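Peer 1: Compact mmCIF, C-alpha atoms, file coords-v3.txt:
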# COMPACT_ATOMS: atom_id res chain seq x y z
CA MET A 1 -45.25 72.07 21.69
CA LEU A 2 -42.06 70.72 23.26
CA THR A 3 -39.61 72.49 25.51
CA ILE A 4 -36.29 70.67 25.71
CA SER A 5 -33.72 71.28 28.43
CA PRO A 6 -30.83 69.48 30.06
CA GLY A 7 -31.85 67.37 33.00
CA TYR A 8 -30.49 67.37 36.52
CA ALA A 9 -27.80 64.89 35.37
CA ASP A 10 -25.73 64.98 32.18
CA ASP A 11 -27.35 61.86 30.70
CA ILE A 12 -30.92 63.06 31.31
CA LEU A 13 -32.99 64.95 28.76
CA THR A 14 -35.99 66.84 30.09
CA ILE A 15 -38.96 67.33 27.78
CA VAL A 16 -41.91 69.48 28.84
CA VAL A 17 -44.98 68.93 26.70
CA SER A 18 -47.66 71.59 26.34
CA GLY A 19 -50.28 72.59 23.80
CA ARG A 20 -50.47 70.26 20.80
CA VAL A 21 -47.38 68.25 19.83
CA SER A 22 -46.79 68.10 16.07
CA HIS A 23 -44.55 66.25 13.63
CA GLN A 24 -42.46 69.42 13.41
CA ASP A 25 -41.88 69.41 17.19
CA ILE A 26 -40.54 65.86 17.06
CA ALA A 27 -38.43 66.42 13.93
CA SER A 28 -36.94 69.79 14.80
CA GLN A 29 -36.54 69.53 18.57
CA LEU A 30 -36.82 66.07 20.08
CA ILE A 31 -34.79 64.04 17.59
CA PRO A 32 -31.84 66.49 17.48
CA ALA A 33 -31.82 66.75 21.30
CA ILE A 34 -31.75 62.97 21.72
CA GLU A 35 -29.06 62.52 19.09
CA ALA A 36 -26.93 65.25 20.70
CA LYS A 37 -27.13 63.52 24.10
CA LEU A 38 -26.27 60.18 22.49
CA GLN A 39 -23.01 61.62 21.16
CA ASP A 40 -21.75 61.68 24.76
CA HIS A 41 -23.65 58.74 26.28
CA ALA A 42 -24.30 55.14 25.24
CA CYS A 43 -27.70 55.36 26.94
CA ILE A 44 -29.78 58.28 28.12
CA ARG A 45 -32.67 58.79 30.49
CA LEU A 46 -35.72 60.85 29.58
CA TRP A 47 -37.95 62.98 31.79
CA TYR A 48 -41.24 63.69 29.97
CA GLU A 49 -43.46 66.15 31.79
CA PHE A 50 -46.96 66.90 30.54
CA SER A 51 -47.99 70.41 31.57
CA PRO A 52 -51.63 71.27 32.37
CA GLU A 53 -51.69 73.14 29.02
CA PHE A 54 -51.13 69.90 27.07
CA VAL A 55 -54.07 69.28 24.71
CA GLY A 56 -52.90 66.43 22.50
CA ILE A 57 -50.52 64.94 20.01
CA SER A 58 -50.97 64.74 16.26
CA VAL A 59 -51.07 61.39 14.46
CA GLY A 60 -47.87 62.39 12.66
CA ALA A 61 -46.12 63.06 15.96
CA LEU A 62 -47.28 59.69 17.32
CA TRP A 63 -45.91 58.00 14.21
CA ASP A 64 -42.60 59.88 14.58
CA ASP A 65 -42.39 58.91 18.24
CA ALA A 66 -42.96 55.25 17.39
CA TRP A 67 -40.22 55.33 14.74
CA LEU A 68 -37.91 57.16 17.13
CA SER A 69 -38.46 54.41 19.70
CA LEU A 70 -37.65 51.70 17.15
CA PHE A 71 -34.60 53.50 15.77
CA HIS A 72 -33.21 54.09 19.26
CA LEU A 73 -34.31 50.71 20.63
CA SER A 74 -31.39 50.29 23.03
CA ASP A 75 -30.48 53.95 23.58
CA PHE A 76 -32.90 54.71 26.42
CA ALA A 77 -32.19 53.44 29.91
CA ARG A 78 -35.41 54.67 31.54
CA VAL A 79 -38.20 57.12 30.95
CA VAL A 80 -40.23 58.97 33.56
CA MET A 81 -43.54 60.51 32.56
CA ILE A 82 -45.04 63.14 34.85
CA ALA A 83 -48.71 63.88 34.28
CA ASP A 84 -52.02 64.62 35.91
CA THR A 85 -52.78 60.93 36.14
CA GLU A 86 -56.51 61.38 36.73
CA SER A 87 -57.21 63.11 33.44
CA MET A 88 -54.28 61.91 31.32
CA GLY A 89 -53.36 58.53 32.80
CA PRO A 90 -54.73 56.33 29.99
CA MET A 91 -53.20 58.44 27.21
CA VAL A 92 -49.79 58.65 28.91
CA ASN A 93 -49.84 54.91 29.65
CA ALA A 94 -50.56 54.25 25.97
CA LEU A 95 -47.57 56.42 24.96
CA ALA A 96 -45.41 54.52 27.45
CA LEU A 97 -46.21 51.25 25.67
CA ILE A 98 -44.36 52.32 22.50
CA LEU A 99 -41.10 53.03 24.33
CA PRO A 100 -38.62 50.13 24.35
CA CYS A 101 -37.33 50.58 27.91
CA PRO A 102 -38.66 50.73 31.46
CA VAL A 103 -41.22 53.54 31.68
CA LYS A 104 -43.06 54.66 34.76
CA VAL A 105 -45.81 57.25 35.05
CA PHE A 106 -45.92 59.49 38.10
CA SER A 107 -48.41 62.13 39.16
CA VAL A 108 -47.33 65.75 39.46
CA SER A 109 -47.13 65.39 43.24
CA GLU A 110 -44.73 62.43 42.94
CA ARG A 111 -41.77 64.27 41.39
CA GLN A 112 -39.37 63.19 44.12
CA GLN A 113 -40.32 59.52 43.70
CA ALA A 114 -39.92 59.92 39.93
CA GLN A 115 -36.38 61.23 40.34
CA ILE A 116 -35.49 58.38 42.70
CA TRP A 117 -36.86 55.81 40.24
CA LEU A 118 -35.07 57.42 37.28
CA ASP A 119 -31.79 57.34 39.21
CA GLN A 120 -32.05 53.59 39.84
CA VAL A 121 -30.29 52.72 36.62
CA GLU A 122 -26.70 51.89 35.81
CA VAL A 123 -25.41 54.62 33.50
CA VAL A 124 -22.97 53.60 30.72
CA GLU A 125 -20.63 56.25 29.30
CA VAL A 126 -19.24 56.20 25.75
Have the structure of the file written as structure tokens, please.
Peer 2:
Amino acid sequence: MLTISPGYADDILTIVVSGRVSHQDIASQLIPAIEAKLQDHACIRLWYEFSPEFVGISVGALWDDAWLSLFHLSDFARVVMIADTESMGPMVNALALILPCPVKVFSVSERQQAQIWLDQVEVVEV
């Protein structure tokens, strides 16, 4: 399941991931949210946060995410992933590999460092 909300800056999209992420989550929530942000910005930044309730992602959702990354190859400036790195580090790092921009994984306790890193990008307005 995905929960989408505006980020702390206008060009940031915050995605909280919990439960099992499905194809429907990507198609009905994530893609429209990204495309809406891209109407106002040439590039956006993403904040992906994996809650402790996250249990997995379907193969269909992984496929959708890969296609989304290819379709929006130059539309992402940076992506932060917040996760319990001890239990989810390898899976989150694998997801980060399919994104076509700088991606950095932070632990839950490193939120402030994540925000600082995400803000170290030149933002281009449309």
Peer 1: Using all atoms listed in the file for the distances, tell me which of A:Val21, A:Met1, A:Cys43, A:Val79 is nearest to Trp117 of chain A.
Peer 2: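 Closest residue, counting all atoms listed in the file: A:Val79.
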Peer 1: Using all atoms listed in the file, which of the listed residues (A:Glu53, A:Asp84, A:Glu110, A:Asp40) sits closest to Ile12 of chain A?
Peer 2: A:Asp40
Peer 1: I'd like the interatomic distance between atom CA of Arg111 of chain A and atom CA of Ile44 of chain A, to a tenth of an Å.
Peer 2: 18.9 Å
Peer 1: For Arg20 of chain A, list every protein, DNA or RNA residue within 6 Å, evaluated using all atoms listed in the file, and leave out those in the same chain fewer than 5 positions away; present the list as a ChimeraX atom specification.
Peer 2: /A:1,55-57
Peer 1: Which residue out of A:Gln24, A:Ser5, A:Ser109, A:Gln115 has the minimum interatomic distance to Lys37 of chain A when all atoms listed in the file are used?
Peer 2: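 Closest to Lys37 of chain A of all the choices is A:Ser5.
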Peer 1: Tell me, in Å to one decimal, how far atom CA of Ile26 of chain A is from atom CA of Gln120 of chain A.
Peer 2: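 These two atoms are separated by 27.2 Å.
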Peer 1: With a distance cut-off of 8 Å and only C-alpha atoms, select the neighbouring residues of Thr3 of chain A, excluding the residue or stretch itself and same-chain residues fewer than 4 positions from it, and output the selection as a VMD selection string.
Peer 2: chain A and resid 15 to 17
Peer 1: Considering all atoms listed in the file, state which residue in the set A:Asp10, A:Lys104, A:Ile82, A:Leu118 is at the smallest distance from Glu49 of chain A.
Peer 2: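 The closest residue to Glu49 of chain A is A:Ile82.
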Peer 1: Calculated over all atoms listed in the file, which of the candidates A:Ala9, A:Leu30, A:Met81, A:Ile4 has the smallest distance to Val103 of chain A?
Peer 2: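 Going through A:Ala9, A:Leu30, A:Met81, A:Ile4 one by one, the smallest distance to Val103 of chain A is for A:Met81.
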Peer 1: Expressed in Å to a single decimal, how great is the separation between atom CA of Gly19 of chain A and atom CA of Asp75 of chain A?
Peer 2: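 Value for the atom CA of Gly19 of chain A-atom CA of Asp75 of chain A distance: 27.2 Å.
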Peer 1: Between A:Leu99, A:Ala83, A:Leu46, A:Ala61, which one has atoms that come closest to Thr14 of chain A, using all atoms listed in the file?
Peer 2: A:Leu46
Peer 1: Box time for segment 42-56 of chain A: axis-aligned, enclosing all its listed atoms, 5 Å extra on each side; report centre and edge lengths in Å to one decimal, as AutoDock Vina command-line options.
Peer 2:
--center_x -39.2 --center_y 64.1 --center_z 27.4 --size_x 39.8 --size_y 28.0 --size_z 19.9
